[in-house]
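Next up, work_35.cif (mmCIF, C-alpha atoms):
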data_input
loop_
_atom_site.label_atom_id
_atom_site.label_comp_id
_atom_site.auth_asym_id
_atom_site.auth_seq_id
_atom_site.Cartn_x
_atom_site.Cartn_y
_atom_site.Cartn_z
CA MET R 810 3.64 -17.71 13.13
CA GLY R 811 5.20 -16.54 9.81
CA ILE R 812 6.53 -13.08 8.96
CA PHE R 813 3.11 -12.01 7.63
CA GLY R 814 1.04 -13.46 10.41
CA PRO R 815 -1.50 -14.38 11.37
CA TYR R 816 -1.47 -11.62 14.03
CA LYS R 817 -4.17 -10.57 16.44
CA CYS R 818 -4.82 -6.82 16.60
CA ALA R 819 -4.64 -5.64 20.23
CA TYR R 820 -7.15 -2.84 19.62
CA CYS R 821 -9.93 -4.21 17.41
CA GLY R 822 -9.32 -7.90 18.21
CA ARG R 823 -9.46 -9.19 14.65
CA THR R 824 -6.94 -11.62 13.23
CA PHE R 825 -5.04 -10.26 10.24
CA HIS R 826 -2.23 -11.13 7.85
CA GLY R 827 0.32 -8.81 6.32
CA PHE R 828 2.27 -5.97 7.91
CA ASN R 829 1.90 -5.42 11.63
CA TRP R 830 2.76 -2.41 13.79
CA ARG R 831 4.10 -2.87 17.28
CA ILE R 832 3.10 -0.93 20.35
CA LYS R 833 4.42 -1.19 23.90
CA ASN R 834 4.80 -4.67 25.42
CA GLY R 835 5.15 -6.26 21.99
CA ARG R 836 1.43 -6.09 21.09
CA ASP R 837 0.47 -5.82 17.41
CA ILE R 838 -1.82 -3.37 15.65
CA CYS R 839 -3.48 -3.91 12.24
CA GLY R 840 -3.24 -1.47 9.33
CA ASP R 841 -6.74 -0.02 9.82
CA CYS R 842 -6.14 0.71 13.50
CA LYS R 843 -2.74 2.14 12.60
CA ASP R 844 -4.42 4.63 10.23
CA ILE R 845 -6.87 5.65 12.96
CA LEU R 846 -4.04 6.20 15.43
CA ASN R 847 -1.97 8.16 12.90
CA LYS R 848 -4.86 10.61 12.49
CA GLU R 849 -4.90 11.22 16.24
CA MET R 850 -1.21 11.55 17.06
CA PRO R 851 2.21 10.97 15.52
CA TYR R 852 3.71 7.47 15.34
CA GLU R 853 6.54 8.44 17.75
CA LYS R 854 3.90 8.96 20.42
CA TRP R 855 1.45 6.10 19.93
CA HIS R 856 3.96 3.30 19.39
CA LYS R 857 5.25 3.89 22.94
CA MET R 858 1.77 3.59 24.45
CA GLY R 859 0.32 0.37 25.79
CA ILE R 860 -3.11 -0.86 24.75
CA THR R 861 -4.66 0.32 28.03
CA GLN R 862 -3.41 3.85 27.41
CA ILE R 863 -4.70 3.82 23.84
CA ARG R 864 -8.15 2.67 24.96
CA ALA R 865 -8.18 5.31 27.72
CA TYR R 866 -7.26 7.98 25.16
CA PHE R 867 -10.17 7.11 22.88
CA LYS R 868 -12.57 6.84 25.82
CA GLU R 869 -11.59 10.32 26.98
CA LYS R 870 -11.95 11.63 23.44
CA GLU R 871 -15.44 10.13 23.22
CA ARG R 872 -16.38 11.69 26.55
CA LEU R 873 -15.13 15.08 25.40
CA GLU R 874 -16.97 14.87 22.10
CA ALA R 875 -20.18 13.84 23.83
CA GLN R 876 -20.35 17.20 25.60
CA LYS R 877 -22.00 19.58 23.15
CA GLU R 878 -22.35 22.69 25.32
CA CYS R 879 -20.08 24.94 27.29
CA SER R 880 -20.21 24.09 31.01
CA LEU R 881 -20.12 27.79 31.88
CA CYS R 882 -22.37 29.68 29.48
CA GLY R 883 -24.39 26.75 28.09
CA ARG R 884 -23.79 27.84 24.53
CA PRO R 885 -23.38 24.91 22.09
CA PHE R 886 -19.87 24.46 20.75
CA GLY R 887 -19.75 25.56 17.15
CA ALA R 888 -17.46 26.33 14.26
CA ALA R 889 -16.79 29.79 15.72
CA ASP R 890 -14.84 28.23 18.60
CA LEU R 891 -11.11 28.08 17.90
CA TYR R 892 -11.06 25.20 20.32
CA LYS R 893 -12.50 24.17 23.64
CA PHE R 894 -10.67 24.28 26.95
CA VAL R 895 -10.72 21.13 29.07
CA LEU R 896 -10.47 21.96 32.76
CA LYS R 897 -8.93 19.99 35.62
CA ASP R 898 -12.27 18.54 36.72
CA GLY R 899 -13.12 17.34 33.18
CA ALA R 900 -15.53 20.19 32.41
CA GLN R 901 -15.26 21.85 29.00
CA ILE R 902 -15.69 25.54 28.34
CA CYS R 903 -15.89 27.38 25.05
CA TYR R 904 -13.17 29.60 23.61
CA SER R 905 -14.97 32.83 24.60
CA CYS R 906 -15.35 31.78 28.25
CA GLY R 907 -11.71 30.70 28.40
CA GLU R 908 -10.47 33.90 26.81
CA SER R 909 -12.55 36.03 29.18
CA VAL R 910 -10.14 35.20 32.04
CA ARG R 911 -6.91 35.68 30.07
CA ILE R 912 -6.51 39.19 31.43
CA VAL R 913 -5.80 37.67 34.86
CA ARG R 914 -4.65 34.18 33.82
CA PRO R 915 -2.43 34.66 30.77
CA VAL R 916 -0.66 31.78 29.06
CA PHE R 917 2.90 31.34 30.34
CA CYS R 918 5.19 31.10 27.30
CA THR R 919 8.63 29.57 27.55
CA GLU R 920 10.97 27.23 25.67
CA GLU R 921 12.03 23.62 26.09
CA TYR R 922 15.27 21.95 25.14
CA ASP R 923 15.38 18.28 24.12
CA SER R 924 18.94 17.09 24.70
CA LEU R 925 18.38 13.87 22.73
CA LYS R 926 17.12 15.63 19.62
CA GLU R 927 19.27 18.75 20.32
CA LYS R 928 16.32 20.93 19.55
CA TYR R 929 14.61 23.95 21.15
CA SER R 930 10.86 24.23 20.92
CA PHE R 931 8.15 26.58 22.09
CA ALA R 932 6.38 25.49 25.25
CA SER R 933 3.48 27.01 27.14
CA ASP R 934 1.70 26.52 30.44
CA ASP R 935 -1.98 27.21 30.26
CA PRO R 936 -3.28 28.02 33.76
CA LEU R 937 -6.78 26.97 32.67
CA LYS R 938 -5.67 23.34 32.68
CA GLU R 939 -5.07 23.56 36.45
CA MET R 940 -8.39 25.25 37.18
CA THR R 941 -11.76 23.75 37.99
CA LEU R 942 -15.08 25.20 36.86
CA ASP R 943 -15.50 27.07 40.16
CA ASP R 944 -11.99 28.51 39.79
CA VAL R 945 -12.91 29.81 36.33
CA LYS R 946 -16.10 31.41 37.67
CA ALA R 947 -14.09 33.16 40.40
CA ALA R 948 -11.47 34.19 37.82
CA GLN R 949 -14.19 35.73 35.64
CA LEU R 950 -15.22 38.03 38.50
CA GLU R 951 -11.56 38.88 39.09
CA ALA R 952 -11.15 39.55 35.35
CA ASP R 953 -14.12 41.93 35.31
CA THR R 954 -12.63 43.95 38.19
CA GLU R 955 -9.22 44.03 36.53
CA ARG R 956 -10.74 45.03 33.19
CA ARG R 957 -12.60 47.92 34.84
CA SER R 958 -9.47 49.16 36.56
CA ARG R 959 -7.53 49.01 33.29
CA MET R 960 -10.29 50.89 31.49
CA ASP R 961 -9.98 53.61 34.14
CA LYS R 962 -6.22 53.64 33.61
CA PHE R 963 -6.14 53.58 29.80
CA GLY R 964 -9.45 55.30 29.09
CA PRO R 965 -12.18 54.18 26.70
CA CYS R 966 -10.57 52.41 23.75
CA LYS R 967 -11.04 49.27 21.66
CA GLY R 968 -7.61 47.97 22.66
CA ALA R 969 -4.42 48.89 24.51
CA PHE R 970 -1.05 47.35 23.64
CA ILE R 971 2.10 47.86 25.75
CA VAL R 972 5.29 47.98 23.70
CA ASP R 973 8.34 45.92 24.75
CA ASP R 974 10.59 46.41 21.76
CA VAL R 975 10.64 47.72 18.19
CA ILE R 976 12.77 45.74 15.76
CA ARG R 977 13.38 46.34 12.07
CA VAL R 978 12.35 43.35 9.97
CA PRO R 979 15.48 42.01 8.26
CA GLY R 980 15.55 41.70 4.51
CA GLU R 981 13.29 44.67 3.83
CA LYS R 982 15.88 47.12 2.57
CA ASP R 983 13.77 49.46 0.46
CA ARG R 984 10.89 49.71 2.89
CA GLU R 985 10.80 50.61 6.55
CA VAL R 986 9.09 47.54 8.02
CA HIS R 987 9.16 47.01 11.78
CA ARG R 988 7.88 44.49 14.29
CA ILE R 989 6.50 46.06 17.43
CA TRP R 990 6.69 43.40 20.15
CA GLY R 991 4.55 43.61 23.26
CA ARG R 992 1.37 42.51 25.00
CA CYS R 993 -2.25 43.42 24.57
CA VAL R 994 -3.43 44.44 28.04
CA LEU R 995 -6.98 45.48 27.24
CA GLY R 996 -9.46 44.73 24.47
CA SER R 997 -7.88 43.62 21.23
CA ALA R 998 -5.33 44.74 18.68
CA SER R 999 -6.21 43.86 15.11
CA ALA R 1000 -4.53 43.97 11.73
CA ASN R 1001 -5.35 46.64 9.14
CA SER R 1002 -6.19 49.15 11.83
CA LEU R 1003 -4.84 52.44 13.09
CA ALA R 1004 -2.92 52.58 16.37
CA LYS R 1005 -2.31 55.80 18.28
CA VAL R 1006 0.62 56.80 20.47
CA VAL R 1007 0.12 59.84 22.67
CA ARG R 1008 3.15 62.10 22.93
CA ARG R 1009 3.34 65.42 24.76
CA GLU R 1010 3.26 67.58 21.64
CA LYS R 1011 0.69 65.62 19.64
CA PRO R 1012 -0.72 62.12 19.01
CA TYR R 1013 0.96 59.94 16.39
CA PHE R 1014 -0.80 57.32 14.27
CA ILE R 1015 0.56 54.11 12.76
CA GLN R 1016 -1.09 51.75 10.32
CA ILE R 1017 -0.79 48.17 11.54
CA ASP R 1018 -0.47 45.84 8.54
CA ARG R 1019 -0.60 42.51 10.25
CA VAL R 1020 -0.49 40.83 13.66
CA GLU R 1021 1.75 37.93 14.70
CA PRO R 1022 0.47 36.28 17.91
CA LEU R 1023 2.87 34.23 20.04
CA GLU R 1024 0.33 31.65 21.12
CA TYR R 1025 -2.66 29.78 19.78
CA ASN R 1026 -3.63 30.40 16.21
CA LYS R 1027 -0.63 32.06 14.66
CA LYS R 1028 -2.57 33.00 11.54
CA ALA R 1029 -5.17 34.98 13.50
CA GLN R 1030 -5.10 38.67 12.74
CA VAL R 1031 -6.28 39.74 16.16
CA LEU R 1032 -4.34 39.88 19.41
CA SER R 1033 -6.70 39.71 22.38
CA GLU R 1034 -6.14 40.84 25.94
CA GLY R 1035 -3.63 38.84 27.96
CA HIS R 1036 -1.74 37.68 24.87
CA GLY R 1037 1.65 38.67 23.57
CA GLY R 1038 2.86 39.03 20.02
CA ALA R 1039 4.05 41.46 17.38
CA LEU R 1040 2.37 44.15 15.31
CA VAL R 1041 3.94 44.64 11.91
CA ALA R 1042 3.91 48.15 10.48
CA SER R 1043 5.51 49.63 7.39
CA ASP R 1044 5.22 53.22 8.62
CA ASP R 1045 7.89 55.22 10.38
CA VAL R 1046 7.88 54.00 14.00
CA SER R 1047 10.88 55.92 15.35
CA PHE R 1048 8.66 57.72 17.87
CA ILE R 1049 7.70 54.46 19.65
CA TYR R 1050 9.75 53.40 22.68
CA SER R 1051 9.71 50.54 25.20
CA GLY R 1052 6.87 51.04 27.64
CA ASP R 1053 4.66 53.09 25.30
CA VAL R 1054 0.99 52.25 25.00
CA LEU R 1055 -0.59 51.87 21.56
CA TYR R 1056 -4.31 52.64 21.60
CA PHE R 1057 -6.71 51.07 19.12
CA GLU R 1058 -9.96 52.96 18.65
CA MET B 950 15.60 13.96 31.76
CA ALA B 951 15.84 14.67 28.03
CA VAL B 952 13.46 17.62 27.83
CA LYS B 953 14.33 20.60 29.99
CA ARG B 954 12.38 23.81 30.59
CA MET B 955 14.43 26.84 29.70
CA ASP B 956 12.98 29.32 32.16
CA THR B 957 13.90 30.02 35.77
CA GLY B 958 10.56 31.32 37.02
CA ALA B 959 8.35 34.31 36.31
CA CYS B 960 9.04 38.04 36.33
CA PRO B 961 7.31 39.64 39.36
CA ILE B 962 6.30 42.69 37.29
CA CYS B 963 4.78 41.31 34.10
CA GLY B 964 4.45 37.58 34.94
CA ARG B 965 6.34 36.38 31.87
CA ALA B 966 9.08 33.75 31.80
CA LEU B 967 12.64 34.50 32.90
CA SER B 968 14.57 32.83 30.11
CA ARG B 969 17.86 31.03 30.74
CA PHE B 970 19.22 32.58 27.54
CA THR B 971 19.45 36.11 28.85
CA THR B 972 21.26 37.61 31.81
CA HIS B 973 18.66 39.03 34.14
CA VAL B 974 19.04 42.01 36.40
CA THR B 975 18.94 41.08 40.08
CA LEU B 976 17.62 44.01 42.06
CA LYS B 977 18.81 45.03 45.51
CA ASP B 978 16.21 42.81 47.22
CA ASP B 979 17.30 39.75 45.15
CA THR B 980 14.32 39.98 42.79
CA LYS B 981 15.04 38.98 39.20
CA ILE B 982 13.21 40.87 36.49
CA CYS B 983 12.81 40.02 32.83
CA ARG B 984 14.63 41.67 29.93
CA ASP B 985 11.51 43.39 28.64
CA CYS B 986 10.83 45.13 31.98
CA GLU B 987 14.53 45.98 32.33
CA ASN B 988 14.62 47.61 28.86
CA LYS B 989 11.85 50.02 29.81
CA LEU B 990 14.05 51.66 32.44
CA ARG B 991 17.43 51.40 30.72
CA VAL B 992 17.08 54.81 29.09
CA LYS B 993 17.27 56.36 32.56
CA TYR B 994 19.65 53.82 34.16
CA PRO B 995 22.17 52.93 31.45
CA LEU B 996 24.67 50.09 31.73
CA SER B 997 28.35 50.92 31.63
CA TYR B 998 31.64 49.04 31.67
CA TYR B 999 34.87 50.12 33.34
CA ILE B 1000 38.43 48.84 33.47
CA ARG B 1001 40.35 48.89 36.75
CA SER B 1002 43.79 50.43 36.69
CA ARG B 1003 46.53 48.11 35.49
CA GLY B 1004 43.96 45.65 34.17
CA THR B 1005 42.40 44.68 30.88
CA LYS B 1006 39.23 42.99 32.11
CA ARG B 1007 36.07 45.06 31.92
CA TYR B 1008 33.62 45.16 34.79
CA ARG B 1009 29.95 45.82 34.43
CA LYS B 1010 28.27 48.59 36.38
CA ASP B 1011 24.50 48.40 36.52
CA PRO B 1012 22.68 51.18 38.38
CA LEU B 1013 19.44 49.14 38.30
CA GLN B 1014 20.94 46.79 40.89
CA GLU B 1015 20.73 49.61 43.43
CA LEU B 1016 16.95 49.67 43.24
CA THR B 1017 14.47 47.52 45.13
CA LEU B 1018 11.37 46.19 43.39
CA MET B 1019 9.13 48.97 44.80
CA GLU B 1020 11.62 51.63 43.71
CA PHE B 1021 11.80 50.02 40.26
CA LEU B 1022 8.00 50.13 39.92
CA ALA B 1023 7.95 53.77 41.02
CA GLU B 1024 10.63 54.66 38.47
CA LEU B 1025 8.70 52.81 35.76
CA GLU B 1026 5.76 55.17 36.30
CA GLY B 1027 7.97 58.21 35.74
CA VAL B 1028 10.16 57.05 32.83
CA LYS B 1029 7.69 58.17 30.17
CA GLU B 1030 7.94 61.77 31.41
CA TYR B 1031 11.74 61.42 31.37
CA VAL B 1032 11.70 60.39 27.71
CA GLU B 1033 9.25 63.18 26.85
CA ASP B 1034 11.66 65.68 28.46
CA LEU B 1035 14.49 64.32 26.30
CA ARG B 1036 12.31 64.59 23.16
CA GLU B 1037 11.50 68.18 24.06
CA LYS B 1038 15.15 68.97 24.67
CA TYR B 1039 16.48 67.45 21.45
CA GLY B 1040 13.43 67.70 19.20
CA PHE B 1041 13.95 64.34 17.46
CA ASN B 1042 12.52 60.80 17.72
CA ALA B 1043 15.87 59.09 18.38
CA VAL B 1044 19.26 60.56 19.27
CA TYR B 1045 22.79 59.09 19.30
CA GLN B 1046 25.52 61.23 20.86
CA VAL B 1047 28.86 60.94 19.02
CA GLU B 1048 31.88 60.99 21.36
CA ASP B 1049 34.72 59.88 19.13
CA ILE B 1050 35.49 59.04 15.51
CA THR B 1051 37.80 56.56 13.86
CA MET B 1052 38.12 55.87 10.15
CA GLU B 1053 39.30 52.87 8.18
CA PRO B 1054 39.95 52.48 4.48
CA ASN B 1055 37.34 50.44 2.62
CA GLY B 1056 39.01 49.43 -0.61
CA TRP B 1057 40.02 51.47 -3.64
CA PHE B 1058 36.59 52.47 -4.86
CA ASP B 1059 34.40 52.67 -1.77
CA PRO B 1060 34.31 55.58 0.65
CA PRO B 1061 36.13 54.97 3.97
CA LEU B 1062 34.34 53.40 6.92
CA ILE B 1063 33.48 55.94 9.61
CA PHE B 1064 33.08 54.50 13.12
CA ALA B 1065 31.12 56.97 15.20
CA LYS B 1066 31.66 55.94 18.81
CA GLY B 1067 29.18 57.09 21.41
CA ARG B 1068 25.93 56.16 23.06
CA VAL B 1069 22.24 56.06 22.30
CA VAL B 1070 20.52 58.76 24.34
CA TYR B 1071 17.02 57.53 23.53
CA GLY B 1072 15.24 55.70 20.70
CA PHE B 1073 16.34 52.76 18.55
CA PHE B 1074 18.79 52.51 15.69
CA ASP B 1075 18.94 49.63 13.22
CA ILE B 1076 21.18 48.79 10.28
CA GLY B 1077 19.78 50.37 7.15
CA ASP B 1078 18.10 53.26 8.99
CA LYS B 1079 18.05 56.60 7.18
CA VAL B 1080 19.34 59.15 9.70
CA ARG B 1081 20.68 62.73 9.84
CA VAL B 1082 24.05 63.73 11.22
CA VAL B 1083 23.42 67.06 12.92
CA ARG B 1084 26.03 69.62 13.90
CA ARG B 1085 24.99 73.00 15.29
CA GLY B 1086 21.50 72.68 13.86
CA VAL B 1087 22.57 71.70 10.34
CA GLY B 1088 22.00 68.11 9.24
CA VAL B 1089 23.30 65.79 6.52
CA ASP B 1090 21.43 62.66 5.46
CA ALA B 1091 23.19 59.32 5.91
CA GLU B 1092 22.43 55.60 6.06
CA ILE B 1093 23.67 53.30 8.83
CA LYS B 1094 25.89 50.57 7.42
CA GLY B 1095 26.58 48.73 10.67
CA ILE B 1096 26.30 48.93 14.45
CA ASN B 1097 28.92 47.57 16.84
CA ARG B 1098 27.88 46.67 20.34
CA GLN B 1099 29.90 46.00 23.46
CA PHE B 1100 29.05 42.68 25.07
CA GLY B 1101 29.86 41.41 28.52
CA GLU B 1102 33.35 41.59 29.87
CA GLU B 1103 35.12 40.72 26.63
CA GLN B 1104 36.82 43.61 24.93
CA ASP B 1105 36.59 42.22 21.42
CA ILE B 1106 33.57 43.17 19.39
CA ILE B 1107 32.18 39.98 17.96
CA ASP B 1108 30.54 41.38 14.83
CA TRP B 1109 28.82 44.51 13.68
CA GLU B 1110 25.29 43.41 12.96
CA HIS B 1111 23.46 44.73 15.99
CA ARG B 1112 21.02 47.37 17.18
CA GLY B 1113 21.52 50.61 18.98
CA GLU B 1114 19.35 50.58 22.11
CA PRO B 1115 19.20 53.20 24.87
CA GLY B 1116 21.04 52.26 28.03
CA TYR B 1117 23.27 49.61 26.46
CA PRO B 1118 26.83 50.64 25.53
CA CYS B 1119 27.08 50.99 21.78
CA ASP B 1120 30.64 50.81 20.54
CA SER B 1121 30.00 52.56 17.25
CA ILE B 1122 27.61 53.30 14.44
CA VAL B 1123 29.27 52.69 11.08
CA PHE B 1124 28.83 54.77 7.94
CA SER B 1125 30.33 54.44 4.52
CA GLN B 1126 29.26 57.40 2.47
CA LYS B 1127 30.95 59.78 0.08
CA ASP B 1128 31.57 63.30 1.41
CA LEU B 1129 30.15 62.48 4.84
CA ILE B 1130 31.89 64.18 7.76
CA VAL B 1131 31.12 63.12 11.32
CA ALA B 1132 32.88 64.71 14.29
CA PRO B 1133 32.81 64.29 18.07
CA GLY B 1134 29.93 66.31 19.49
CA ASP B 1135 27.62 65.65 16.57
CA ILE B 1136 24.32 63.93 17.11
CA ILE B 1137 22.86 61.26 14.85
CA VAL B 1138 19.09 61.57 14.78
CA LYS B 1139 15.95 59.99 13.35
#

Have the structure of the file written as structure tokens, please.
Amino acid sequence: MGIFGPYKCAYCGRTFHGFNWRIKNGRDICGDCKDILNKEMPYEKWHKMGITQIRAYFKEKERLEAQKECSLCGRPFGAADLYKFVLKDGAQICYSCGESVRIVRPVFCTEEYDSLKEKYSFASDDPLKEMTLDDVKAAQLEADTERRSRMDKFGPCKGAFIVDDVIRVPGEKDREVHRIWGRCVLGSASANSLAKVVRREKPYFIQIDRVEPLEYNKKAQVLSEGHGGALVASDDVSFIYSGDVLYFE
Amino acid sequence: MAVKRMDTGACPICGRALSRFTTHVTLKDDTKICRDCENKLRVKYPLSYYIRSRGTKRYRKDPLQELTLMEFLAELEGVKEYVEDLREKYGFNAVYQVEDITMEPNGWFDPPLIFAKGRVVYGFFDIGDKVRVVRRGVGVDAEIKGINRQFGEEQDIIDWEHRGEPGYPCDSIVFSQKDLIVAPGDIIVK
């Protein structure tokens, strides 16, 4: 066998000449299959996989794509879904059904450190991945009860956001721009809206310019219940303290 | 293993990660709580450092360590009223109590640096904030040039690019402004 082949592609089975790409156990992959794999995942990941793992990956992907409807509400998956959640038992639920339990099953955000690359990166544990369809149904009932109790506590409002910290945005010297970090505990907090803080003497209002979520779609301009992030405001926010609740109406 | 998770569990109050990067308060019943929950009660239970006689090492005194988790939760319910009482008493959004002043020259052409040592009573202060220095009801406008913070048990201040937060010892707020006079007993407000 020369430098340029002939090789036999481990995935599609055809014999090819030219450049080959190696996967685990010294098996070769042709250029076309390499392009398909590169679309799915980075090279650093797929070149360490064996052919059995690669086939299993595509089989699972096919199975997931074959399901066109949410296992919980029956609604077809559409463009409105940010993405689908795949549960422990293989069932798939739509974004709305998954988000409906976030109030009681929020995403656990943390960091990871890779000592080989000497790099920190964001990591998250999604409790939905460890839940079955029955667990999600039970969690939805739990979420409804929790939502009702929070509505009694915070009153009727479109959203309630608990403040953790207020930090001035660096670099903005001529304008007072602040990031208000915290969690949305009820409803949603959206950009270009008015937030209210209730103080003893009177209510105060702040214009929220944009929203910076910690998880999921970082470009989304809405923070929904159970999620953490920052609200960016260019108003005076000196009357906001840790523990305050911002109401969106 | 190359990749390591940088949290040591979840906070029992809010459920968020306890990061390895920050020192967490351990309550009386050995419960660890996260920095965000701790900050909410710091205004009422501030940290302080003390030096034992004939020593140079500083020791940390944290009144939050005397509380159990149930007591902490009960205090959390009442801290908003505590802050509202402070706002009513002082009448401002944020207050820094000045306890001492030192000054340093700042070159031939610039006004001297004024280090206003004290503590944040409530509210937040950041570098660049436009504040008022108030003495007996009369205020002068000023801009914060820097904020020094005390960290850990080391006496040396590392640098002066920090924030003034309630409950954490703030070494000084720094001004550099012509004709500005700050004296012990003044309050810096927003």

Let me know the residues the PyMOL selection byres ((chain R) within 7 of (chain B)) catches in the file above, as number ranges by chain. R: 917-925, 973, 977, 982, 1009, 1047-1048, 1050-1052

Pairwise distance for CA of Met960 (chain R) and CA of Gly996 (chain R), rounded to one decimal in Å: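 Separation between CA of Met960 (chain R) and CA of Gly996 (chain R): 9.4 Å.
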
Residues at most 8 Å from Lys897 (chain R), counting all atoms listed in the file, excluding those fewer than 6 positions away in the same chain, as a PDB file with C-alpha atoms, in the frame of the given file?
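Result file follows (selection.pdb):
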ATOM      1  CA  LEU R 937      -6.780  26.970  32.670  1.00  0.00           C
ATOM      2  CA  LYS R 938      -5.670  23.340  32.680  1.00  0.00           C
ATOM      3  CA  GLU R 939      -5.070  23.560  36.450  1.00  0.00           C
ATOM      4  CA  MET R 940      -8.390  25.250  37.180  1.00  0.00           C
ATOM      5  CA  THR R 941     -11.760  23.750  37.990  1.00  0.00           C
TER       6      THR R 941
END

Mind pulling up the distance from CA of His826 (chain R) to CA of Gly840 (chain R)? 9.8 Å

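A straight line drawn from CA of Lys1011 (chain R) to CA of Cys993 (chain R) is 22.9 Å long.
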
Given all atoms listed in the file as the counted atoms, nearest of B:Val1044, B:Pro1118, B:Val1123, B:Gly1113 to Lys1094 (chain B):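 Of all the options, B:Val1123 lies closest to Lys1094 (chain B).
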
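For the structure in this document, the set picked by the PyMOL selection byres ((chain R and resi 955) around 12) is Ser909, Val910, Arg911, Ile912, Val913, Arg914, Ala948, Gln949, Leu950, Glu951, Ala952, Asp953, Thr954, Arg956, Arg957, Ser958, Arg959, Met960, Asp961, Lys962, Val994, Leu995, Glu1034 and Gly1035 of chain R.
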
Which residues fall under the PyMOL selection byres ((chain R and resi 847-853) around 12) in this file, as a ChimeraX atom specification? /R:830-833,838,840-846,854-858,863,866-867,870

Residues within 12 Å of Pro1012 (chain R), please, as a ChimeraX atom specification. Count all atoms listed in the file; anything in the same chain fewer than 3 positions from it doesn't count. /R:1004-1009,1015,1048-1049,1054-1056

Distance cut-off 12 Å, centre (12.5, 49.0, 42.9) in file coordinates, counting only C-alpha atoms: which residues qualify? Return them as a list in words. Pro961, Ile962, Val974, Thr975, Leu976, Lys977, Asp978, Asp979, Thr980, Lys981, Ile982, Cys986, Glu987, Leu990, Pro1012, Leu1013, Gln1014, Glu1015, Leu1016, Thr1017, Leu1018, Met1019, Glu1020, Phe1021, Leu1022, Ala1023, Glu1024, Leu1025 and Glu1026 of chain B

Selected residues, C-alpha atoms, written as an mmCIF file, in the coordinates of the input, please.
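The result, stored in selection21.cif:
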data_model
loop_
_atom_site.group_PDB
_atom_site.id
_atom_site.type_symbol
_atom_site.label_atom_id
_atom_site.label_comp_id
_atom_site.auth_asym_id
_atom_site.auth_seq_id
_atom_site.Cartn_x
_atom_site.Cartn_y
_atom_site.Cartn_z
ATOM 1 C CA PRO B 961 7.310 39.640 39.360
ATOM 2 C CA ILE B 962 6.300 42.690 37.290
ATOM 3 C CA VAL B 974 19.040 42.010 36.400
ATOM 4 C CA THR B 975 18.940 41.080 40.080
ATOM 5 C CA LEU B 976 17.620 44.010 42.060
ATOM 6 C CA LYS B 977 18.810 45.030 45.510
ATOM 7 C CA ASP B 978 16.210 42.810 47.220
ATOM 8 C CA ASP B 979 17.300 39.750 45.150
ATOM 9 C CA THR B 980 14.320 39.980 42.790
ATOM 10 C CA LYS B 981 15.040 38.980 39.200
ATOM 11 C CA ILE B 982 13.210 40.870 36.490
ATOM 12 C CA CYS B 986 10.830 45.130 31.980
ATOM 13 C CA GLU B 987 14.530 45.980 32.330
ATOM 14 C CA LEU B 990 14.050 51.660 32.440
ATOM 15 C CA PRO B 1012 22.680 51.180 38.380
ATOM 16 C CA LEU B 1013 19.440 49.140 38.300
ATOM 17 C CA GLN B 1014 20.940 46.790 40.890
ATOM 18 C CA GLU B 1015 20.730 49.610 43.430
ATOM 19 C CA LEU B 1016 16.950 49.670 43.240
ATOM 20 C CA THR B 1017 14.470 47.520 45.130
ATOM 21 C CA LEU B 1018 11.370 46.190 43.390
ATOM 22 C CA MET B 1019 9.130 48.970 44.800
ATOM 23 C CA GLU B 1020 11.620 51.630 43.710
ATOM 24 C CA PHE B 1021 11.800 50.020 40.260
ATOM 25 C CA LEU B 1022 8.000 50.130 39.920
ATOM 26 C CA ALA B 1023 7.950 53.770 41.020
ATOM 27 C CA GLU B 1024 10.630 54.660 38.470
ATOM 28 C CA LEU B 1025 8.700 52.810 35.760
ATOM 29 C CA GLU B 1026 5.760 55.170 36.300
#

Across R:Glu927, R:Glu874, R:Asp934, R:Asp943, the smallest distance to Asp898 (chain R), with all atoms listed in the file counted, is shown by R:Asp943

Which one is closest to Gly1040 (chain B): B:Leu996, B:Val1083, B:Ala1065, B:Glu1053? Count all atoms listed in the file. B:Val1083

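If all atoms listed in the file are the atoms counted, then among B:Lys1066, B:Thr1051, B:Asp1128, B:Cys983 the closest residue to Phe970 (chain B) is B:Cys983.
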
Shell around Gly1086 (chain B) at 12 Å using all atoms listed in the file, local window under 2 positions removed, as an NGL selection string: :B and (1039-1041 or 1081-1084 or 1088-1089 or 1134-1138)

Counting only C-alpha atoms, note down every residue that has an atom within 6 Å of the point (28.4, 51.5, 17.3) (file coordinates), as a PDB file with C-alpha atoms, keeping the file's coordinate frame.
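For reference, out07.pdb as written:
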ATOM      1  CA  LYS B1066      31.660  55.940  18.810  1.00  0.00           C
ATOM      2  CA  ILE B1096      26.300  48.930  14.450  1.00  0.00           C
ATOM      3  CA  ASN B1097      28.920  47.570  16.840  1.00  0.00           C
ATOM      4  CA  ARG B1098      27.880  46.670  20.340  1.00  0.00           C
ATOM      5  CA  CYS B1119      27.080  50.990  21.780  1.00  0.00           C
ATOM      6  CA  ASP B1120      30.640  50.810  20.540  1.00  0.00           C
ATOM      7  CA  SER B1121      30.000  52.560  17.250  1.00  0.00           C
ATOM      8  CA  ILE B1122      27.610  53.300  14.440  1.00  0.00           C
TER       9      ILE B1122
END

Please write out, as AutoDock Vina command-line options, where the centre of an axis-aligned box around all listed atoms of region 1009-1017 of chain B lies and how long its edges are, in Å to one decimal, after adding 4 Å on each side.
--center_x 22.2 --center_y 48.5 --center_z 39.8 --size_x 23.5 --size_y 13.4 --size_z 18.7

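With distances restricted to all atoms listed in the file, R:Ile976 is the closest residue to His1111 (chain B) from R:Tyr816, R:Leu873, R:Ile976, R:Lys926.
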